[in-house]
Amino acid sequence: MKAVRFHEYGDPDVLRYEEVERPVAGAGQVLVRVTATSFNPVDGNIRGGFMQGPIPVTLPHTPGIDVAGRVEALGAGVAGIEAGAEVVGFLPMTGTGAAAEYVVAPAEILVPAPTSIPLADAAALPLVGLTAWQALFEHAGLTAGQRVLINGAGGAVGGYAVQLAKNAGAHVIATAGPRSGESVRAAGADRVIDHTATEVTAAVTEPVDVVLNLAPVEPARLAALVGLVRSGGVLVNTTVWMPAPADEERGVRGINLFVRSDADQLARLVGLVDAGKLRVDVAERAPLAELPAVHARAAAGTSAGKVVIVAPAA
């Protein structure tokens, strides 16, 4: 089968589109014929060798944490899934990824794919959707009527976070640049602050219950966001190379989010997609052979929006 792999850490040019042996499903595993995976910024960090501590991988490594595809074969002991079923999942981050024609996945991480969108587009949902869900509900405990500030809402996680928070009945304040402001408004934000023109801490004049930071801001700016949170509130930070600030005197908690695979939560996200309550935005669909170019554009800062990587047709 065809796959994209890197045999050493480095710049995007270490990625090779090559012929590799098709994997075989072991006990408790499912062989998936990949329809698509997606590019996530963490893929570039893993490839660059910056995540060897928290996410150790074995070289050569195939990237691609998200998978959408059809069940090809079942390993021993797998029940509740049928061959031919369309599935979506968040693969183990330290294992072999889905930038290939086939991938083996633990059966327990797979859920039925949305039926209301193309199967390839479903690959845009797992990692970023789960990041938004876990940040807002598992860690922040967001409820109806609360005020949430989503800092850096213009990216893929931000798009889901705005929609999920609005669906939950929260008042959503979001920061975004001029390029993504309209899409953030369309996602349901009650107020959008252009962070290139206005300092967030000056623009938000009433306390919020939750701050979700998705932006790679400098530590001083991240620390300043704590002052916007009411006493007893929470700041959740996804830029894990900077520890989340807190304010113990006022009972403001700081939480660092490390997203994890959760099939139950992913199934709830799929349900929201099929109910028309969660929109999956895909900016580009690129063939598997062009994955190195997608990494290169991301490294250069010239890519915008979620990119789905489509495997060769069977």
# chains A, B, ... in the order shown; residues from 1 in each chain; ligands from 1
call {"tool": "select_by_dssp", "arguments": {"residues": "region 43-280 of chain A", "states": "strand (DSSP E or B)", "output": "PyMOL selection string"}}
result
chain A and resi 61+66-74+86-90+100+102-106+110-112+147-151+171-176+191-194+208-213+229-237+247+252-256
call {"tool": "residues_around", "arguments": {"residues": "Pro114 (chain A)", "least_positions_apart": "6", "cutoff": "7 Å", "atoms": "only C-alpha atoms", "output": "list in words"}}
result
Ala122, Val270, Val273 and Asp274 of chain A
call {"tool": "closest_residue", "arguments": {"among": "A:Asp190, A:Glu182, A:Glu138, A:Glu72", "to": "Gln265 (chain A)", "atoms": "only C-alpha atoms"}}
result
A:Glu138
call {"tool": "residues_around", "arguments": {"residues": "Leu136 (chain A)", "least_positions_apart": "6", "cutoff": "10 Å", "atoms": "only C-alpha atoms", "output": "list in words"}}
result
Leu130, Leu142, Thr143, Val148, Ile150, Ala161, Val162, Leu164, Ala165, Ala168, Val210, Val211, Leu212 and Val236 of chain A
call {"tool": "write_last_selection", "arguments": {"atoms": "all heavy atoms", "output": "compact mmCIF listing (two decimals), in the first residue's frame"}}
result
# COMPACT_ATOMS: atom_id res chain seq x y z
N LEU A 130 -12.78 16.92 19.73
CA LEU A 130 -12.60 16.44 21.10
C LEU A 130 -11.83 17.45 21.95
O LEU A 130 -12.09 17.58 23.15
CB LEU A 130 -11.88 15.09 21.09
CG LEU A 130 -12.74 13.90 20.66
CD1 LEU A 130 -11.88 12.67 20.44
CD2 LEU A 130 -13.84 13.61 21.67
N LEU A 142 -18.58 24.12 31.50
CA LEU A 142 -19.41 25.20 30.97
C LEU A 142 -20.88 24.83 30.98
O LEU A 142 -21.27 23.72 30.58
CB LEU A 142 -18.97 25.52 29.54
CG LEU A 142 -19.64 26.71 28.88
CD1 LEU A 142 -19.17 28.02 29.51
CD2 LEU A 142 -19.37 26.73 27.37
N THR A 143 -21.72 25.77 31.42
CA THR A 143 -23.17 25.55 31.46
C THR A 143 -23.89 26.75 30.86
O THR A 143 -23.30 27.82 30.65
CB THR A 143 -23.66 25.34 32.91
OG1 THR A 143 -23.28 26.48 33.70
CG2 THR A 143 -23.08 24.08 33.52
N VAL A 148 -18.14 32.93 28.24
CA VAL A 148 -16.87 32.29 27.90
C VAL A 148 -16.13 33.16 26.90
O VAL A 148 -16.72 33.69 25.95
CB VAL A 148 -17.08 30.86 27.35
CG1 VAL A 148 -17.98 30.84 26.12
CG2 VAL A 148 -15.73 30.20 27.01
N ILE A 150 -13.19 32.83 24.18
CA ILE A 150 -12.38 31.89 23.41
C ILE A 150 -11.30 32.70 22.71
O ILE A 150 -11.59 33.44 21.75
CB ILE A 150 -13.24 31.08 22.42
CG1 ILE A 150 -14.31 30.31 23.18
CG2 ILE A 150 -12.36 30.14 21.59
CD1 ILE A 150 -15.33 29.62 22.30
N ALA A 161 -15.29 25.05 19.13
CA ALA A 161 -15.53 25.55 20.49
C ALA A 161 -16.63 26.60 20.50
O ALA A 161 -17.50 26.60 21.39
CB ALA A 161 -14.24 26.11 21.08
N VAL A 162 -16.62 27.51 19.53
CA VAL A 162 -17.66 28.54 19.47
C VAL A 162 -19.02 27.87 19.27
O VAL A 162 -20.00 28.19 19.97
CB VAL A 162 -17.37 29.54 18.33
CG1 VAL A 162 -18.59 30.45 18.09
CG2 VAL A 162 -16.15 30.37 18.66
N LEU A 164 -19.99 24.75 19.96
CA LEU A 164 -20.39 23.94 21.12
C LEU A 164 -20.81 24.82 22.29
O LEU A 164 -21.79 24.51 22.99
CB LEU A 164 -19.24 23.01 21.53
CG LEU A 164 -18.91 21.88 20.56
CD1 LEU A 164 -17.62 21.19 20.97
CD2 LEU A 164 -20.05 20.86 20.49
N ALA A 165 -20.06 25.90 22.52
CA ALA A 165 -20.40 26.79 23.63
C ALA A 165 -21.76 27.46 23.37
O ALA A 165 -22.57 27.59 24.29
CB ALA A 165 -19.31 27.84 23.81
N ALA A 168 -24.56 25.15 23.94
CA ALA A 168 -24.76 24.90 25.37
C ALA A 168 -25.46 26.06 26.07
O ALA A 168 -25.73 25.99 27.27
CB ALA A 168 -23.42 24.62 26.05
N VAL A 210 -15.32 31.53 32.05
CA VAL A 210 -14.33 30.63 31.46
C VAL A 210 -13.51 31.37 30.41
O VAL A 210 -14.07 32.12 29.60
CB VAL A 210 -15.03 29.42 30.78
CG1 VAL A 210 -14.01 28.53 30.06
CG2 VAL A 210 -15.82 28.60 31.80
N VAL A 211 -12.21 31.18 30.44
CA VAL A 211 -11.34 31.55 29.32
C VAL A 211 -10.79 30.26 28.72
O VAL A 211 -10.25 29.42 29.44
CB VAL A 211 -10.17 32.46 29.75
CG1 VAL A 211 -9.14 32.56 28.62
CG2 VAL A 211 -10.66 33.85 30.10
N LEU A 212 -10.96 30.10 27.42
CA LEU A 212 -10.32 29.00 26.68
C LEU A 212 -9.27 29.62 25.79
O LEU A 212 -9.59 30.37 24.86
CB LEU A 212 -11.35 28.23 25.86
CG LEU A 212 -10.80 27.20 24.87
CD1 LEU A 212 -9.88 26.19 25.54
CD2 LEU A 212 -11.94 26.48 24.13
N VAL A 236 -8.65 27.47 30.74
CA VAL A 236 -8.16 26.24 30.13
C VAL A 236 -7.24 26.61 28.98
O VAL A 236 -7.60 27.41 28.11
CB VAL A 236 -9.32 25.35 29.61
CG1 VAL A 236 -8.77 24.06 29.01
CG2 VAL A 236 -10.31 25.04 30.73
call {"tool": "closest_residue", "arguments": {"among": "A:Trp133, A:Phe90, A:Ala25, A:Ala304", "to": "Gly177 (chain A)", "atoms": "only C-alpha atoms"}}
result
A:Ala304
call {"tool": "closest_residue", "arguments": {"among": "A:Ile173, A:Val204, A:Met1, A:Val240", "to": "Pro216 (chain A)", "atoms": "only C-alpha atoms"}}
result
A:Val240
call {"tool": "closest_residue", "arguments": {"among": "A:Ala246, A:Leu149, A:Val24, A:Val234", "to": "Glu206 (chain A)", "atoms": "only C-alpha atoms"}}
result
A:Leu149
call {"tool": "residues_around", "arguments": {"residues": "Gly305 (chain A)", "least_positions_apart": "5", "cutoff": "10 Å", "atoms": "only C-alpha atoms", "output": "PyMOL selection string"}}
result
chain A and resi 154-156+159+180+281-284
call {"tool": "write_last_selection", "arguments": {"atoms": "all heavy atoms", "output": "short mmCIF file (atom, residue, chain, number, x, y, z; two decimals), in the first residue's frame"}}
result
data_model
loop_
_atom_site.label_atom_id
_atom_site.label_comp_id
_atom_site.auth_asym_id
_atom_site.auth_seq_id
_atom_site.Cartn_x
_atom_site.Cartn_y
_atom_site.Cartn_z
N GLY A 154 -10.11 31.62 15.67
CA GLY A 154 -10.10 31.52 14.22
C GLY A 154 -9.63 30.21 13.64
O GLY A 154 -9.80 29.96 12.45
N GLY A 155 -9.05 29.34 14.46
CA GLY A 155 -8.57 28.06 13.97
C GLY A 155 -9.63 26.98 14.03
O GLY A 155 -10.79 27.23 14.36
N ALA A 156 -9.21 25.74 13.71
CA ALA A 156 -10.17 24.64 13.64
C ALA A 156 -10.80 24.33 14.99
O ALA A 156 -12.01 24.13 15.10
CB ALA A 156 -9.48 23.40 13.07
N GLY A 159 -13.37 27.03 15.92
CA GLY A 159 -14.64 26.92 15.22
C GLY A 159 -15.60 25.97 15.91
O GLY A 159 -16.80 26.26 16.06
N SER A 180 -10.36 35.64 9.74
CA SER A 180 -11.27 34.61 10.23
C SER A 180 -12.46 35.17 11.02
O SER A 180 -13.29 34.40 11.49
CB SER A 180 -10.51 33.62 11.11
OG SER A 180 -9.80 34.29 12.14
N ASP A 281 -16.17 22.22 9.07
CA ASP A 281 -15.61 23.07 8.03
C ASP A 281 -14.32 22.48 7.49
O ASP A 281 -13.40 22.17 8.26
CB ASP A 281 -15.33 24.47 8.58
CG ASP A 281 -16.61 25.25 8.86
OD1 ASP A 281 -17.55 25.12 8.05
OD2 ASP A 281 -16.66 25.96 9.88
N VAL A 282 -14.26 22.33 6.19
CA VAL A 282 -13.06 21.83 5.51
C VAL A 282 -12.62 22.87 4.49
O VAL A 282 -13.39 23.23 3.60
CB VAL A 282 -13.32 20.47 4.83
CG1 VAL A 282 -12.10 20.03 4.02
CG2 VAL A 282 -13.70 19.41 5.86
N ALA A 283 -11.40 23.37 4.65
CA ALA A 283 -10.90 24.41 3.75
C ALA A 283 -10.32 23.82 2.47
O ALA A 283 -10.36 24.45 1.41
CB ALA A 283 -9.84 25.25 4.45
N GLU A 284 -9.76 22.61 2.59
CA GLU A 284 -9.06 22.02 1.43
C GLU A 284 -9.06 20.50 1.56
O GLU A 284 -8.97 19.95 2.67
CB GLU A 284 -7.61 22.53 1.39
CG GLU A 284 -6.77 21.99 0.27
CD GLU A 284 -5.30 22.40 0.36
OE1 GLU A 284 -4.97 23.24 1.23
OE2 GLU A 284 -4.49 21.87 -0.42
#
call {"tool": "closest_atom_pairs", "arguments": {"of": "region 59-149 of chain A", "to": "region 8-16 of chain A", "cutoff": "12 Å", "atoms": "only C-alpha atoms", "output": "Markdown table"}}
result
| residue | atom | partner | partner_atom | distance |
| --- | --- | --- | --- | --- |
| A:Leu59 | CA | A:Glu8 | CA | 6.7 |
| A:Pro60 | CA | A:Glu8 | CA | 7.0 |
| A:His61 | CA | A:Glu8 | CA | 8.5 |
| A:Thr62 | CA | A:Leu15 | CA | 9.0 |
| A:Pro63 | CA | A:Leu15 | CA | 9.5 |
| A:Ala99 | CA | A:Leu15 | CA | 10.9 |
| A:Ala100 | CA | A:Arg16 | CA | 11.4 |
call {"tool": "closest_residue", "arguments": {"among": "A:Ala79, A:Ala267, A:Ala73, A:Ala223", "to": "Gly26 (chain A)", "atoms": "only C-alpha atoms"}}
result
A:Ala73
call {"tool": "select_by_dssp", "arguments": {"residues": "region 36-275 of chain A", "states": "alpha helix (DSSP H)", "output": "JSON, numbers by chain"}}
result
{"A": [41, 42, 43, 44, 45, 46, 47, 126, 127, 128, 129, 130, 131, 132, 133, 156, 157, 158, 159, 160, 161, 162, 163, 164, 165, 166, 167, 181, 182, 183, 184, 185, 186, 200, 201, 202, 203, 219, 220, 221, 222, 223, 224, 225, 263, 264, 265, 266, 267, 268, 269, 270, 271, 272, 273, 274]}
call {"tool": "residues_around", "arguments": {"residues": "Ala197 (chain A)", "least_positions_apart": "6", "cutoff": "12 Å", "atoms": "only C-alpha atoms", "output": "ChimeraX atom specification"}}
result
/A:175-178,203
call {"tool": "atom_distance", "arguments": {"atom1": "CA of Pro312 (chain A)", "atom2": "CA of Ala3 (chain A)"}}
result
9.9 Å
call {"tool": "residues_around", "arguments": {"residues": "Glu248 (chain A)", "least_positions_apart": "2", "cutoff": "12 Å", "atoms": "only C-alpha atoms", "output": "JSON, numbers by chain"}}
result
{"A": [226, 227, 231, 232, 233, 234, 245, 246, 250, 251, 252, 253, 254]}
call {"tool": "residues_around", "arguments": {"residues": "Asn213 (chain A)", "least_positions_apart": "2", "cutoff": "8 Å", "atoms": "only C-alpha atoms", "output": "count of residues only"}}
result
11
call {"tool": "atom_distance", "arguments": {"atom1": "CA of Thr196 (chain A)", "atom2": "CA of Leu257 (chain A)"}}
result
25.5 Å
call {"tool": "closest_residue", "arguments": {"among": "A:Ala36, A:Ile81, A:Leu225, A:Ala202", "to": "Ala286 (chain A)", "atoms": "only C-alpha atoms"}}
result
A:Ala36
call {"tool": "atom_distance", "arguments": {"atom1": "CA of Pro118 (chain A)", "atom2": "CA of Thr35 (chain A)"}}
result
10.0 Å
call {"tool": "decode", "arguments": {"residues": "region 248-263 of chain A", "atoms": "all heavy atoms", "output": "compact mmCIF listing (two decimals), in the first residue's frame"}}
result
# COMPACT_ATOMS: atom_id res chain seq x y z
N GLU A 248 -4.77 31.81 42.76
CA GLU A 248 -5.23 31.06 43.92
C GLU A 248 -6.02 31.92 44.88
O GLU A 248 -6.98 31.45 45.50
CB GLU A 248 -4.03 30.41 44.63
CG GLU A 248 -3.34 29.35 43.80
CD GLU A 248 -2.19 28.70 44.55
OE1 GLU A 248 -2.01 29.02 45.74
OE2 GLU A 248 -1.48 27.89 43.93
N GLU A 249 -5.65 33.17 45.03
CA GLU A 249 -6.36 34.06 45.97
C GLU A 249 -7.83 34.20 45.61
O GLU A 249 -8.69 34.28 46.48
CB GLU A 249 -5.69 35.44 46.02
CG GLU A 249 -4.35 35.46 46.74
CD GLU A 249 -3.82 36.88 46.90
OE1 GLU A 249 -4.58 37.82 46.57
OE2 GLU A 249 -2.67 37.02 47.34
N ARG A 250 -8.11 34.24 44.31
CA ARG A 250 -9.50 34.39 43.87
C ARG A 250 -10.13 33.06 43.48
O ARG A 250 -11.26 33.02 43.00
CB ARG A 250 -9.57 35.37 42.69
CG ARG A 250 -9.12 36.78 43.05
CD ARG A 250 -9.48 37.78 41.97
NE ARG A 250 -8.95 37.43 40.66
CZ ARG A 250 -9.69 37.10 39.60
NH1 ARG A 250 -11.01 37.06 39.68
NH2 ARG A 250 -9.11 36.81 38.44
N GLY A 251 -9.40 31.98 43.63
CA GLY A 251 -9.95 30.67 43.30
C GLY A 251 -10.10 30.41 41.82
O GLY A 251 -10.91 29.58 41.40
N VAL A 252 -9.30 31.11 40.99
CA VAL A 252 -9.34 30.88 39.55
C VAL A 252 -8.35 29.76 39.21
O VAL A 252 -7.15 29.90 39.46
CB VAL A 252 -8.98 32.16 38.76
CG1 VAL A 252 -8.94 31.87 37.26
CG2 VAL A 252 -9.96 33.28 39.07
N ARG A 253 -8.88 28.68 38.67
CA ARG A 253 -8.04 27.53 38.33
C ARG A 253 -7.43 27.69 36.94
O ARG A 253 -8.05 28.25 36.04
CB ARG A 253 -8.87 26.24 38.37
CG ARG A 253 -9.38 25.85 39.74
CD ARG A 253 -10.29 24.64 39.65
NE ARG A 253 -11.50 24.95 38.89
CZ ARG A 253 -12.03 24.14 37.99
NH1 ARG A 253 -11.46 22.99 37.69
NH2 ARG A 253 -13.15 24.49 37.36
N GLY A 254 -6.21 27.18 36.78
CA GLY A 254 -5.57 27.11 35.48
C GLY A 254 -5.37 25.65 35.11
O GLY A 254 -4.79 24.89 35.87
N ILE A 255 -5.89 25.25 33.94
CA ILE A 255 -5.85 23.84 33.54
C ILE A 255 -5.16 23.72 32.19
O ILE A 255 -5.50 24.43 31.23
CB ILE A 255 -7.28 23.26 33.44
CG1 ILE A 255 -7.95 23.27 34.82
CG2 ILE A 255 -7.25 21.84 32.87
CD1 ILE A 255 -9.41 22.90 34.78
N ASN A 256 -4.18 22.83 32.11
CA ASN A 256 -3.53 22.50 30.84
C ASN A 256 -4.25 21.31 30.22
O ASN A 256 -4.40 20.27 30.86
CB ASN A 256 -2.06 22.16 31.05
CG ASN A 256 -1.26 23.35 31.54
OD1 ASN A 256 -1.22 24.38 30.90
ND2 ASN A 256 -0.64 23.21 32.71
N LEU A 257 -4.69 21.47 28.99
CA LEU A 257 -5.45 20.42 28.31
C LEU A 257 -4.55 19.55 27.44
O LEU A 257 -3.88 20.05 26.54
CB LEU A 257 -6.55 21.04 27.45
CG LEU A 257 -7.29 20.07 26.52
CD1 LEU A 257 -8.07 19.03 27.33
CD2 LEU A 257 -8.23 20.82 25.59
N PHE A 258 -4.55 18.26 27.71
CA PHE A 258 -3.93 17.27 26.83
C PHE A 258 -5.07 16.42 26.28
O PHE A 258 -5.62 15.58 27.01
CB PHE A 258 -2.92 16.39 27.59
CG PHE A 258 -1.72 17.14 28.09
CD1 PHE A 258 -1.75 17.78 29.32
CD2 PHE A 258 -0.56 17.22 27.33
CE1 PHE A 258 -0.65 18.48 29.79
CE2 PHE A 258 0.54 17.92 27.79
CZ PHE A 258 0.49 18.55 29.02
N VAL A 259 -5.45 16.65 25.03
CA VAL A 259 -6.60 15.95 24.48
C VAL A 259 -6.35 14.44 24.42
O VAL A 259 -5.23 13.99 24.23
CB VAL A 259 -6.96 16.50 23.09
CG1 VAL A 259 -5.85 16.21 22.07
CG2 VAL A 259 -8.30 15.95 22.60
N ARG A 260 -7.41 13.68 24.60
CA ARG A 260 -7.31 12.22 24.54
C ARG A 260 -8.46 11.67 23.71
O ARG A 260 -9.50 12.33 23.54
CB ARG A 260 -7.36 11.62 25.95
CG ARG A 260 -8.70 11.74 26.59
CD ARG A 260 -8.79 11.11 27.99
NE ARG A 260 -10.17 10.86 28.33
CZ ARG A 260 -11.06 11.80 28.62
NH1 ARG A 260 -10.69 13.05 28.64
NH2 ARG A 260 -12.31 11.49 28.90
N SER A 261 -8.29 10.46 23.22
CA SER A 261 -9.35 9.79 22.49
C SER A 261 -10.46 9.39 23.45
O SER A 261 -10.19 8.89 24.55
CB SER A 261 -8.80 8.55 21.78
OG SER A 261 -9.81 7.92 21.02
N ASP A 262 -11.71 9.64 23.08
CA ASP A 262 -12.86 9.26 23.89
C ASP A 262 -14.01 8.95 22.93
O ASP A 262 -14.61 9.86 22.36
CB ASP A 262 -13.23 10.38 24.86
CG ASP A 262 -14.32 9.97 25.85
OD1 ASP A 262 -15.41 9.55 25.39
OD2 ASP A 262 -14.09 10.08 27.07
N ALA A 263 -14.32 7.66 22.78
CA ALA A 263 -15.32 7.26 21.78
C ALA A 263 -16.70 7.77 22.13
O ALA A 263 -17.48 8.14 21.24
CB ALA A 263 -15.32 5.74 21.64
